[in-house]
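Next comes data-v3.csv, with CSV, C-alpha atoms.
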chain,number,residue,atom,x,y,z
Y,1109,MET,CA,20.6,-24.2,36.2
Y,1110,THR,CA,19.7,-23.8,32.5
Y,1111,THR,CA,17.5,-26.4,31.0
Y,1112,GLU,CA,18.9,-26.1,27.5
Y,1113,ALA,CA,22.0,-24.9,25.9
Y,1114,ALA,CA,21.8,-21.2,25.0
Y,1115,LEU,CA,21.6,-20.4,21.3
Y,1116,PRO,CA,24.5,-18.4,19.9
Y,1117,SER,CA,23.9,-15.4,17.7
Y,1118,THR,CA,22.1,-16.8,14.7
Y,1119,SER,CA,24.0,-17.1,11.4
Y,1120,THR,CA,20.8,-16.2,9.5
Y,1121,SER,CA,21.6,-12.5,10.0
Y,1122,PRO,CA,22.0,-11.0,6.5
Y,1123,THR,CA,25.5,-10.5,5.2
Y,1124,ALA,CA,26.8,-7.3,3.7
Y,1125,ARG,CA,26.3,-8.7,0.2
Y,1126,GLN,CA,22.7,-9.7,1.0
Y,1127,VAL,CA,21.9,-6.3,2.4
Y,1128,TRP,CA,23.4,-4.7,-0.7
Y,1129,THR,CA,21.4,-7.0,-3.0
Y,1130,ARG,CA,18.2,-6.2,-1.2
Y,1131,THR,CA,18.6,-2.4,-0.9
Y,1132,ARG,CA,20.4,-1.5,-4.1
Y,1133,GLY,CA,17.1,-0.9,-5.9
Y,1134,VAL,CA,15.9,1.5,-3.3
Y,1135,LEU,CA,19.2,3.3,-3.1
Y,1136,LEU,CA,19.3,3.6,-6.9
Y,1137,ALA,CA,15.8,5.1,-6.9
Y,1138,LEU,CA,16.8,7.6,-4.2
Y,1139,VAL,CA,19.9,8.6,-6.1
Y,1140,LEU,CA,17.9,9.2,-9.3
Y,1141,LEU,CA,15.4,11.3,-7.3
Y,1142,LEU,CA,18.2,13.3,-5.8
Y,1143,VAL,CA,19.9,13.9,-9.2
Y,1144,GLY,CA,16.6,14.8,-10.7
Y,1145,ALA,CA,15.8,17.3,-7.9
Y,1146,VAL,CA,19.3,18.9,-8.3
Y,1147,ALA,CA,18.9,19.1,-12.0
Y,1148,ILE,CA,15.5,20.7,-11.8
Y,1149,ALA,CA,16.7,23.2,-9.1
Y,1150,THR,CA,19.7,24.1,-11.3
Y,1151,LEU,CA,17.6,24.7,-14.4
Y,1152,ARG,CA,15.0,26.7,-12.5
Y,1153,SER,CA,17.6,28.7,-10.6
Y,1154,GLY,CA,19.0,30.2,-13.8
Y,1155,GLY,CA,15.7,31.9,-14.6
Y,1156,GLN,CA,14.9,33.1,-11.1
Y,1157,HIS,CA,18.3,34.6,-10.3
Y,1158,GLY,CA,18.0,38.3,-9.4
Y,1159,ARG,CA,14.2,38.1,-9.1
Y,1160,LEU,CA,12.7,41.7,-8.9
Y,1161,ASP,CA,16.2,43.1,-8.7
Y,1162,PRO,CA,16.6,46.3,-10.7
Y,1163,ARG,CA,20.2,45.5,-11.3
Y,1164,SER,CA,19.4,42.1,-12.9
Y,1165,ALA,CA,19.0,41.5,-16.6
Y,1166,ASP,CA,17.6,38.0,-16.1
Y,1167,PRO,CA,14.0,37.3,-17.4
Y,1168,TYR,CA,12.6,37.7,-13.8
Y,1169,GLY,CA,14.8,40.7,-13.0
Y,1170,SER,CA,13.7,44.4,-13.3
Y,1171,ARG,CA,16.7,46.1,-14.9
Y,1172,ALA,CA,14.5,47.2,-17.9
Y,1173,VAL,CA,12.1,49.1,-15.5
Y,1174,ALA,CA,15.1,50.9,-13.9
Y,1175,ALA,CA,16.4,51.8,-17.4
Y,1176,ILE,CA,13.1,53.3,-18.5
Y,1177,LEU,CA,12.8,55.3,-15.3
Y,1178,ALA,CA,16.3,56.6,-15.7
Y,1179,ASP,CA,15.4,57.8,-19.2
Y,1180,HIS,CA,12.6,59.8,-17.6
Y,1181,GLY,CA,14.9,61.4,-14.9
Y,1182,VAL,CA,14.0,59.0,-12.1
Y,1183,SER,CA,16.9,57.7,-10.0
Y,1184,THR,CA,16.8,54.2,-8.6
Y,1185,ARG,CA,18.6,53.1,-5.5
Y,1186,VAL,CA,18.6,49.6,-4.1
Y,1187,VAL,CA,18.4,49.1,-0.3
Y,1188,THR,CA,18.4,45.7,1.6
Y,1189,THR,CA,17.8,46.7,5.2
Y,1190,LEU,CA,14.7,48.0,7.0
Y,1191,ASP,CA,16.6,50.9,8.5
Y,1192,GLN,CA,17.7,52.1,5.1
Y,1193,ALA,CA,14.2,51.8,3.7
Y,1194,ARG,CA,12.7,53.8,6.7
Y,1195,ALA,CA,15.3,56.5,6.4
Y,1196,ALA,CA,14.7,56.8,2.6
Y,1197,ALA,CA,10.9,57.4,2.9
Y,1198,GLY,CA,10.0,61.0,2.1
Y,1199,PRO,CA,7.7,63.3,0.1
Y,1200,ASP,CA,9.9,63.2,-3.0
Y,1201,THR,CA,10.5,59.4,-3.0
Y,1202,THR,CA,8.7,56.3,-4.1
Y,1203,LEU,CA,9.5,53.3,-1.9
Y,1204,LEU,CA,8.9,49.9,-3.6
Y,1205,VAL,CA,8.9,46.9,-1.3
Y,1206,ALA,CA,9.7,43.9,-3.5
Y,1207,VAL,CA,8.8,41.0,-1.3
Y,1208,PRO,CA,6.8,42.2,1.7
Y,1209,ASP,CA,6.0,38.7,3.0
Y,1210,LEU,CA,9.7,38.2,3.9
Y,1211,LEU,CA,9.4,40.9,6.6
Y,1212,THR,CA,8.6,39.8,10.1
Y,1213,ASP,CA,5.6,41.2,11.9
Y,1214,GLY,CA,7.6,43.8,13.8
Y,1215,GLN,CA,9.5,44.9,10.7
Y,1216,GLN,CA,6.2,45.4,8.8
Y,1217,SER,CA,4.8,47.5,11.7
Y,1218,ARG,CA,7.9,49.7,11.8
Y,1219,LEU,CA,7.9,50.1,8.0
Y,1220,HIS,CA,4.2,51.2,8.0
Y,1221,SER,CA,4.9,53.7,10.8
Y,1222,ALA,CA,7.7,55.3,8.7
Y,1223,THR,CA,5.7,55.5,5.5
Y,1224,ALA,CA,2.2,56.3,6.7
Y,1225,ALA,CA,3.0,60.1,7.0
Y,1226,SER,CA,6.0,60.3,4.7
Y,1227,GLY,CA,4.1,62.2,2.0
Y,1228,GLY,CA,5.6,59.9,-0.7
Y,1229,ARG,CA,4.4,56.8,-2.4
Y,1230,THR,CA,4.7,53.3,-1.1
Y,1231,VAL,CA,4.4,50.4,-3.6
Y,1232,LEU,CA,3.8,46.9,-2.1
Y,1233,VAL,CA,4.4,44.1,-4.5
Y,1234,ALA,CA,2.0,41.1,-4.0
Y,1235,PRO,CA,1.6,41.2,-0.2
Y,1236,ASP,CA,-0.4,38.3,1.0
Y,1237,ILE,CA,-2.3,37.4,4.2
Y,1238,PRO,CA,-1.6,38.7,6.8
Y,1239,SER,CA,1.2,41.1,5.6
Y,1240,VAL,CA,-1.1,43.4,3.7
Y,1241,GLY,CA,-3.2,44.1,6.8
Y,1242,ARG,CA,-0.1,45.4,8.7
Y,1243,LEU,CA,1.5,47.3,5.8
Y,1244,ALA,CA,-1.8,48.8,4.4
Y,1245,PRO,CA,-4.5,48.8,7.1
Y,1246,GLY,CA,-8.0,48.5,5.7
Y,1247,ILE,CA,-6.9,46.1,2.9
Y,1248,THR,CA,-7.4,42.3,3.0
Y,1249,ALA,CA,-6.2,39.7,0.5
Y,1250,ASP,CA,-8.6,37.3,-1.0
Y,1251,PRO,CA,-7.5,33.6,-0.6
Y,1252,ALA,CA,-8.7,32.7,-4.1
Y,1253,PRO,CA,-6.2,33.7,-6.7
Y,1254,SER,CA,-6.9,35.5,-10.0
Y,1255,PHE,CA,-6.6,33.3,-13.0
Y,1256,ASP,CA,-7.0,35.9,-15.7
Y,1257,THR,CA,-3.6,37.4,-16.4
Y,1258,THR,CA,-4.5,40.2,-18.7
Y,1259,LEU,CA,-7.1,42.6,-17.3
Y,1260,SER,CA,-8.6,46.0,-18.2
Y,1261,PRO,CA,-8.3,49.0,-15.9
Y,1262,GLY,CA,-12.0,49.3,-14.9
Y,1263,CYS,CA,-11.3,52.4,-12.8
Y,1264,SER,CA,-10.7,56.1,-13.0
Y,1265,LEU,CA,-7.1,56.1,-11.9
Y,1266,PRO,CA,-5.2,58.2,-14.6
Y,1267,ALA,CA,-2.2,55.9,-14.6
Y,1268,ALA,CA,-4.3,52.8,-15.2
Y,1269,ARG,CA,-6.5,54.5,-17.9
Y,1270,ARG,CA,-3.4,55.6,-19.8
Y,1271,ALA,CA,-1.8,52.2,-19.6
Y,1272,GLY,CA,-4.9,50.3,-20.7
Y,1273,THR,CA,-4.8,46.5,-20.5
Y,1274,ALA,CA,-1.9,45.0,-18.5
Y,1275,ASP,CA,-0.7,41.8,-17.0
Y,1276,THR,CA,-2.0,42.5,-13.5
Y,1277,GLY,CA,-3.9,39.3,-13.0
Y,1278,GLY,CA,-2.8,35.8,-12.2
Y,1279,GLY,CA,-1.8,36.8,-8.6
Y,1280,ILE,CA,-3.5,38.1,-5.5
Y,1281,ARG,CA,-6.9,39.9,-5.4
Y,1282,TYR,CA,-7.8,42.4,-2.7
Y,1283,SER,CA,-10.8,44.1,-1.0
Y,1284,THR,CA,-10.7,47.3,1.0
Y,1285,THR,CA,-12.7,49.4,3.4
Y,1286,ALA,CA,-10.6,52.5,2.9
Y,1287,ARG,CA,-12.4,55.7,1.7
Y,1288,ARG,CA,-11.4,57.3,-1.6
Y,1289,ALA,CA,-9.5,54.2,-2.7
Y,1290,ASP,CA,-8.9,53.5,-6.4
Y,1291,THR,CA,-9.7,49.9,-7.2
Y,1292,CYS,CA,-8.4,48.9,-10.6
Y,1293,TYR,CA,-8.0,45.9,-12.9
Y,1294,PRO,CA,-10.8,43.8,-11.3
Y,1295,SER,CA,-10.9,40.0,-11.7
Y,1296,ASP,CA,-14.3,38.5,-10.8
Y,1297,GLY,CA,-15.3,41.7,-9.0
Y,1298,LEU,CA,-12.1,42.0,-6.9
Y,1299,PRO,CA,-9.3,44.5,-7.8
Y,1300,THR,CA,-5.7,43.4,-8.4
Y,1301,LEU,CA,-4.4,46.9,-8.0
Y,1302,LEU,CA,-5.3,49.4,-5.3
Y,1303,ARG,CA,-4.3,53.0,-4.5
Y,1304,ILE,CA,-5.0,54.2,-1.0
Y,1305,PRO,CA,-4.4,57.9,-0.4
Y,1306,GLN,CA,-2.6,58.9,2.8
Y,1307,THR,CA,-4.4,61.1,5.3
Y,1308,ALA,CA,-1.5,63.5,5.6
Y,1309,LYS,CA,1.0,65.2,3.3
Y,1310,GLY,CA,-0.6,63.9,0.1
Y,1311,GLY,CA,1.1,60.6,-0.1
Y,1312,ASP,CA,-0.4,57.3,-1.1
Y,1313,THR,CA,0.1,53.5,-1.0
Y,1314,VAL,CA,-0.2,51.3,-4.1
Y,1315,VAL,CA,-0.8,47.6,-3.6
Y,1316,LEU,CA,0.0,45.5,-6.7
Y,1317,GLY,CA,-1.3,41.9,-6.7
Y,1318,THR,CA,1.4,40.5,-9.1
Y,1319,PRO,CA,5.0,41.5,-10.0
Y,1320,ASP,CA,4.5,40.5,-13.7
Y,1321,ILE,CA,4.6,44.1,-15.0
Y,1322,LEU,CA,8.0,44.6,-13.4
Y,1323,TYR,CA,9.7,41.6,-15.0
Y,1324,ASN,CA,12.1,42.1,-17.9
Y,1325,ASN,CA,10.4,39.4,-20.0
Y,1326,ARG,CA,6.9,41.0,-19.6
Y,1327,LEU,CA,7.7,44.7,-19.7
Y,1328,ASP,CA,7.2,45.0,-23.5
Y,1329,LYS,CA,3.8,43.4,-23.5
Y,1330,ARG,CA,0.5,45.3,-23.5
Y,1331,GLY,CA,0.5,48.3,-21.2
Y,1332,ASN,CA,2.9,46.9,-18.7
Y,1333,ALA,CA,5.7,49.4,-19.3
Y,1334,SER,CA,3.4,52.4,-19.2
Y,1335,LEU,CA,1.8,51.2,-16.0
Y,1336,ALA,CA,5.1,50.5,-14.3
Y,1337,LEU,CA,6.5,53.9,-15.4
Y,1338,GLN,CA,3.5,55.8,-14.0
Y,1339,LEU,CA,3.3,53.9,-10.7
Y,1340,LEU,CA,7.1,54.1,-10.0
Y,1341,GLY,CA,7.9,57.4,-11.7
Y,1342,SER,CA,5.6,59.8,-9.9
Y,1343,HIS,CA,8.5,61.1,-7.8
Y,1344,PRO,CA,12.1,61.9,-8.8
Y,1345,HIS,CA,13.6,59.2,-6.5
Y,1346,LEU,CA,12.8,55.5,-6.4
Y,1347,VAL,CA,14.1,53.4,-3.5
Y,1348,TRP,CA,13.9,49.7,-4.3
Y,1349,TYR,CA,13.7,47.7,-1.1
Y,1350,LEU,CA,14.8,44.1,-1.4
Y,1351,PRO,CA,14.1,42.5,2.0
Y,1352,SER,CA,16.8,40.2,3.2
Y,1353,LEU,CA,16.7,37.4,5.8
Y,1354,SER,CA,20.1,38.5,7.0
Y,1355,ASP,CA,18.8,42.0,8.0
Y,1356,ALA,CA,20.0,42.7,11.5
Y,1357,SER,CA,16.6,44.1,12.5
Y,1358,ALA,CA,14.9,40.7,11.9
Y,1359,PRO,CA,16.0,38.9,15.1
Y,1360,ASP,CA,15.1,41.8,17.4
Y,1361,THR,CA,11.6,42.4,15.9
Y,1362,GLY,CA,10.4,39.1,14.5
Y,1363,ASP,CA,9.1,35.9,15.9
Y,1364,ARG,CA,8.7,34.0,12.7
Y,1365,THR,CA,9.6,30.3,12.9
Y,1366,PHE,CA,11.3,28.1,10.3
Y,1367,PHE,CA,7.9,26.8,9.2
Y,1368,ASP,CA,6.7,30.3,8.5
Y,1369,LEU,CA,9.5,30.8,6.0
Y,1370,LEU,CA,8.6,27.6,4.1
Y,1371,PRO,CA,6.5,28.2,0.9
Y,1372,THR,CA,2.9,27.0,1.2
Y,1373,GLY,CA,3.4,24.5,-1.6
Y,1374,TRP,CA,6.0,22.6,0.4
Y,1375,LEU,CA,3.7,22.2,3.4
Y,1376,TRP,CA,0.8,21.0,1.2
Y,1377,GLY,CA,3.1,18.6,-0.6
Y,1378,THR,CA,4.3,17.1,2.7
Y,1379,LEU,CA,0.8,16.7,3.9
Y,1380,GLN,CA,-0.2,14.9,0.7
Y,1381,LEU,CA,2.8,12.6,1.0
Y,1382,PHE,CA,1.9,11.8,4.6
Y,1383,ILE,CA,-1.7,11.0,3.6
Y,1384,ALA,CA,-0.5,8.8,0.7
Y,1385,ALA,CA,1.9,6.9,3.0
Y,1386,ALA,CA,-0.9,6.4,5.6
Y,1387,LEU,CA,-3.3,5.0,2.9
Y,1388,ALA,CA,-0.5,2.8,1.5
Y,1389,ALA,CA,0.2,1.4,5.0
Y,1390,LEU,CA,-3.6,0.8,5.6
Y,1391,TRP,CA,-3.8,-1.0,2.2
Y,1392,ARG,CA,-0.8,-3.2,2.9
Y,1393,ALA,CA,-2.1,-4.0,6.4
Y,1394,ARG,CA,-5.6,-4.9,5.4
Y,1395,ARG,CA,-7.1,-8.3,6.6
Y,1396,LEU,CA,-9.0,-10.3,4.1
Y,1397,GLY,CA,-10.6,-12.5,6.8
Y,1398,PRO,CA,-9.7,-15.3,9.2
Y,1399,LEU,CA,-7.2,-17.9,8.2
Y,1400,VAL,CA,-8.8,-21.0,6.8
Y,1401,PRO,CA,-6.8,-24.3,6.8
Y,1402,GLU,CA,-6.8,-26.2,3.5
Y,1403,LYS,CA,-5.7,-29.6,2.6
Y,1404,LEU,CA,-2.7,-29.8,0.2
Y,1405,PRO,CA,-3.7,-30.7,-3.3
Y,1406,VAL,CA,-1.0,-33.4,-3.4
Y,1407,ALA,CA,0.7,-35.5,-0.8
Y,1408,ILE,CA,4.3,-34.3,0.0
Y,1409,ARG,CA,6.7,-36.9,1.3
Y,1410,ALA,CA,8.4,-36.1,4.6
Y,1411,SER,CA,11.8,-36.6,3.0
Y,1412,GLU,CA,11.1,-33.8,0.5
Y,1413,THR,CA,10.1,-31.4,3.3
Y,1414,ALA,CA,13.2,-32.3,5.3
Y,1415,GLU,CA,15.4,-31.8,2.2
Y,1416,GLY,CA,13.8,-28.5,1.4
Y,1417,ARG,CA,14.3,-27.2,5.0
Y,1418,ALA,CA,17.9,-28.5,4.9
Y,1419,ARG,CA,18.5,-26.5,1.7
Y,1420,LEU,CA,17.2,-23.4,3.3
Y,1421,TYR,CA,19.4,-23.9,6.3
Y,1422,ARG,CA,22.4,-24.4,4.0
Y,1423,LYS,CA,21.6,-21.4,1.9
Y,1424,ALA,CA,21.5,-19.2,5.0
Y,1425,ASN,CA,24.6,-20.9,6.4
Y,1426,ALA,CA,22.6,-21.6,9.6
Y,1427,ARG,CA,24.4,-24.6,11.0
Y,1428,ASP,CA,23.5,-23.6,14.6
Y,1429,ARG,CA,19.8,-23.7,13.7
Y,1430,ALA,CA,20.1,-27.0,11.9
Y,1431,ALA,CA,22.1,-28.6,14.9
Y,1432,THR,CA,19.5,-27.3,17.3
Y,1433,ALA,CA,16.7,-28.9,15.3
Y,1434,LEU,CA,18.5,-32.2,15.1
Y,1435,ARG,CA,19.3,-32.3,18.8
Y,1436,SER,CA,15.8,-31.3,19.8
Y,1437,THR,CA,14.1,-33.9,17.7
Y,1438,THR,CA,16.5,-36.6,18.9
Y,1439,ARG,CA,15.9,-35.7,22.6
Y,1440,THR,CA,12.1,-35.8,22.0
Y,1441,ARG,CA,12.3,-39.3,20.5
Y,1442,LEU,CA,14.8,-40.6,23.1
Y,1443,ALA,CA,12.8,-39.5,26.2
Y,1444,PRO,CA,10.0,-42.0,26.0
Y,1445,LEU,CA,12.5,-44.8,25.3
Y,1446,VAL,CA,14.3,-44.3,28.6
Y,1447,GLY,CA,11.1,-43.6,30.6
Y,1448,ILE,CA,11.3,-39.8,30.7
Y,1449,PRO,CA,8.2,-37.6,30.0
Y,1450,VAL,CA,8.5,-35.6,26.8
Y,1451,THR,CA,8.0,-32.4,28.8
Y,1452,GLN,CA,11.4,-33.1,30.5
Y,1453,ALA,CA,13.2,-34.3,27.3
Y,1454,HIS,CA,15.1,-31.0,27.0
Y,1455,THR,CA,16.2,-31.0,30.7
Y,1456,PRO,CA,19.8,-32.4,31.0
Y,1457,GLU,CA,19.3,-33.3,34.7
Y,1458,ALA,CA,16.3,-35.6,33.8
Y,1459,LEU,CA,17.4,-37.0,30.5
Y,1460,LEU,CA,21.1,-37.7,30.8
Y,1461,PRO,CA,21.1,-39.9,33.9
Y,1462,ALA,CA,18.3,-42.2,32.5
Y,1463,LEU,CA,20.1,-42.3,29.1
Y,1464,SER,CA,23.5,-43.2,30.7
Y,1465,ALA,CA,21.9,-45.9,32.9
Y,1466,GLN,CA,20.4,-47.6,29.8
Y,1467,ILE,CA,23.3,-47.6,27.4
Y,1468,GLY,CA,26.2,-47.3,30.0
Y,1469,SER,CA,27.8,-44.3,28.4
Y,1470,ASP,CA,29.6,-41.4,29.9
Y,1471,GLY,CA,27.3,-38.6,30.9
Y,1472,GLN,CA,29.7,-35.8,29.7
Y,1473,SER,CA,29.9,-37.3,26.2
Y,1474,LEU,CA,26.1,-37.5,26.0
Y,1475,HIS,CA,25.8,-33.9,27.2
Y,1476,ASP,CA,28.2,-32.7,24.5
Y,1477,LEU,CA,26.3,-34.7,21.9
Y,1478,LEU,CA,22.8,-33.7,22.9
Y,1479,PHE,CA,23.3,-30.2,24.5
Y,1480,GLY,CA,26.7,-29.1,23.2
Y,1481,PRO,CA,27.8,-26.1,21.1
Y,1482,PRO,CA,26.9,-25.8,17.4
Y,1483,PRO,CA,29.3,-27.4,14.9
Y,1484,GLY,CA,31.9,-25.1,13.3
Y,1485,ASP,CA,31.6,-26.3,9.7
Y,1486,ASP,CA,29.4,-28.5,7.4
Y,1487,ALA,CA,31.6,-31.6,8.1
Y,1488,ALA,CA,31.0,-31.3,11.8
Y,1489,LEU,CA,27.3,-30.9,11.2
Y,1490,VAL,CA,27.2,-34.1,9.2
Y,1491,SER,CA,29.2,-35.9,11.8
Y,1492,LEU,CA,26.7,-34.7,14.5
Y,1493,ALA,CA,23.8,-36.0,12.6
Y,1494,ASP,CA,25.5,-39.4,12.2
Y,1495,ARG,CA,26.3,-39.6,15.9
Y,1496,LEU,CA,22.7,-38.7,16.8
Y,1497,ASP,CA,21.4,-41.5,14.5
Y,1498,ALA,CA,23.8,-44.0,16.1
Y,1499,LEU,CA,22.8,-43.0,19.6
Y,1500,GLU,CA,19.1,-43.5,18.8
Y,1501,ARG,CA,19.8,-46.8,17.2
Y,1502,GLU,CA,21.7,-47.9,20.2
Y,1503,VAL,CA,18.9,-46.9,22.6
Y,1504,ARG,CA,16.3,-48.7,20.4
Y,1505,ARG,CA,18.4,-51.9,20.3
Y,1506,PRO,CA,16.7,-54.7,22.3
Would you mind writing the file's structure down as C-alpha cells?
Amino acid sequence: MTTEAALPSTSTSPTARQVWTRTRGVLLALVLLLVGAVAIATLRSGGQHGRLDPRSADPYGSRAVAAILADHGVSTRVVTTLDQARAAAGPDTTLLVAVPDLLTDGQQSRLHSATAASGGRTVLVAPDIPSVGRLAPGITADPAPSFDTTLSPGCSLPAARRAGTADTGGGIRYSTTARRADTCYPSDGLPTLLRIPQTAKGGDTVVLGTPDILYNNRLDKRGNASLALQLLGSHPHLVWYLPSLSDASAPDTGDRTFFDLLPTGWLWGTLQLFIAAALAALWRARRLGPLVPEKLPVAIRASETAEGRARLYRKANARDRAATALRSTTRTRLAPLVGIPVTQAHTPEALLPALSAQIGSDGQSLHDLLFGPPPGDDAALVSLADRLDALEREVRRP
C-alpha cells in the first residue's frame, strides 16, 4: 500500500509562451545565420557559374580562350562523360581535363590508359593528391601551396619562354621523377607547370597547377593568353572534358564516399567548431573548488522566505507543489503531538488512526485533508491551508 499520495504531473512544466520566450533569441540567431549563408551563397554563385566552361562568358568561365583558339583554327568540343573523353583522345587532339579531382579512382585509371599512348596532348588542370599520381605517374603534388601568383618561366619550354611571365602561381606545386620533363614557372624551387613527354607516338602530358590562365577575367593579363593558346592550340582539335558527378561510369568504377566529395575546408571548419564547442563545454563545467558555507550578511525572517517561496509557486502556477509542501509540513508537526515517530508521519496507516483517536474525527475526511489530491484553483489552495491550520490548532488544544 502506498505511503504517500502520488504526485500528479507537475504544473511547473514550461508553457508554450515560456518556451517561446526562452528560445526566440536562439531561433532569431539561427534564422539570421541561415539568411546570411543563403545571401553569401547567392552572391558567390553568380561569379562561379560556368567555372572553366568554354561556353561561359562569366568571369570564371573560359569562353575567351575558346574564341582565341577558334581564331587560330582550333576547334573546341565540350564533353561531359568519361567514355566521350576516352574516345576523343588521338594524335591530332588536345584533351583538357578541367577538374580531374572529380573523377573516381577507377575513372582516372581508365582515362590514363586511354591517353598514355594516344599520341596527342593531355592537359590536366590543377590535379591534387592523389589524382595526379594516377593521371600522370611520376608526378607528385606538394602539400604546401604556391603563394606567388605571377611567376617567370624559368625553363626552356618554347611555349613558356614565348609567353613570359604568367599567372601560374597561387595554386599547386609539383615534383617529378620523369625523365626529359620540362619544369616551368617555379615557386620556391618547385614548378607549377610540367610537361611530360609520352614514350610512344610523340604525345605529351601537361600538368597545370592553377586554372587562372584559362579564366575570362585573367586572360588579358601578362602572358596568360599566349601561354593558354600555345598549350591548348598545338593540335587542330581541342576536347574540353568537364567531369560530371552524374556520369554513368562513376558508380561502376568508383568507391568515393560522401566525405571524399566534401571540400577540405568544410572538414577543417567542422573540426574547428567541434574543438571550440569542447573547449566551451570544459570552460562552463569547470569547478572553482569545494562548496564553502557562509553565514548570511543579514538575518532574514522566516515569513519573508515563506512569502518568497509562495510567490515562486504562484508564478509557476504550481498549486500541486504548494499543497504537497503544506501537507508534508503539517504531518511532520502533527506526528509528535499524537505520539507517532516523525519517520512515520507520512504513512497514512500510522498517522490517521492516532489522529482520529485524539480529536474524534472521521478518518476519511482526515485522509482527504492530509493525503488528498491537489487543489484545482487558488481558492481551493487557500481553503486547504486554512483547514490544515485549524486541524493543527485543534490537535494542540489542551
What separation in Å, quoted to one decimal, exists between atom CA of Y:Thr1291 and atom CA of Y:Thr1212?
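Separation between atom CA of Y:Thr1291 and atom CA of Y:Thr1212: 27.1 Å.
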The residues within 10 Å of (16.7, -31.1, 21.7), using only C-alpha atoms and the coordinates of the file, should be reported as a PyMOL selection string; which are they?
chain Y and resi 1112-1113+1431-1442+1453-1456+1478-1479
Neighbouring residues of Y:Ile1321 were defined as those with any atom within 8 Å, considering all atoms listed in the file; residues of the same chain fewer than 3 positions away were excluded. Please report them as an MDAnalysis selection string.
chainID Y and resid 1274:1276 1318 1326:1327 1332:1333 1335:1336
Between atom CA of Y:Glu1502 and atom CA of Y:Glu1457, what is the distance, to one decimal in Å?
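Calculated distance between atom CA of Y:Glu1502 and atom CA of Y:Glu1457 is 20.7 Å.
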Contacts of stretch 1348-1357 of chain Y within 6 Å, all atoms listed in the file, excl. fewer than 4 positions in-chain, as an mmCIF file with C-alpha atoms, in the coordinates of the input:
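See part-v5.cif below for the written result:
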data_model
loop_
_atom_site.group_PDB
_atom_site.id
_atom_site.type_symbol
_atom_site.label_atom_id
_atom_site.label_comp_id
_atom_site.auth_asym_id
_atom_site.auth_seq_id
_atom_site.Cartn_x
_atom_site.Cartn_y
_atom_site.Cartn_z
ATOM 1 C CA ARG Y 1185 18.600 53.100 -5.500
ATOM 2 C CA VAL Y 1186 18.600 49.600 -4.100
ATOM 3 C CA VAL Y 1187 18.400 49.100 -0.300
ATOM 4 C CA THR Y 1188 18.400 45.700 1.600
ATOM 5 C CA THR Y 1189 17.800 46.700 5.200
ATOM 6 C CA LEU Y 1204 8.900 49.900 -3.600
ATOM 7 C CA VAL Y 1205 8.900 46.900 -1.300
ATOM 8 C CA ALA Y 1206 9.700 43.900 -3.500
#
List as number ranges by chain the protein and nucleic acid residues near Y:Ala1165, meaning an atom at most 12 Å away when only C-alpha atoms are counted, but skip any in the same chain fewer than 2 places from it.
Y: 1154-1163, 1167-1175, 1322-1325
Between atom CA of Y:Ser1260 and atom CA of Y:Gly1341, what is the spacing in Å?
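Going from atom CA of Y:Gly1341 over to atom CA of Y:Ser1260, I get 21.1 Å.
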For Y:Leu1346, please output as number ranges by chain all residues within 7 Å (counting all atoms listed in the file; exclusion window: fewer than 5 positions along the same chain).
Y: 1182-1185, 1201-1203, 1340
Restricting the calculation to all atoms listed in the file, which member of Y:Pro1245, Y:Pro1238, Y:Gly1317, Y:Gly1484 is positioned closest to Y:Ala1224?
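Ranked by minimum distance to Y:Ala1224, first place goes to Y:Pro1245.
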Find the residue from Y:Arg1270, Y:Arg1505, Y:Arg1194, Y:Arg1242 that sits nearest to Y:Val1347; use all atoms listed in the file when measuring.
Y:Arg1194
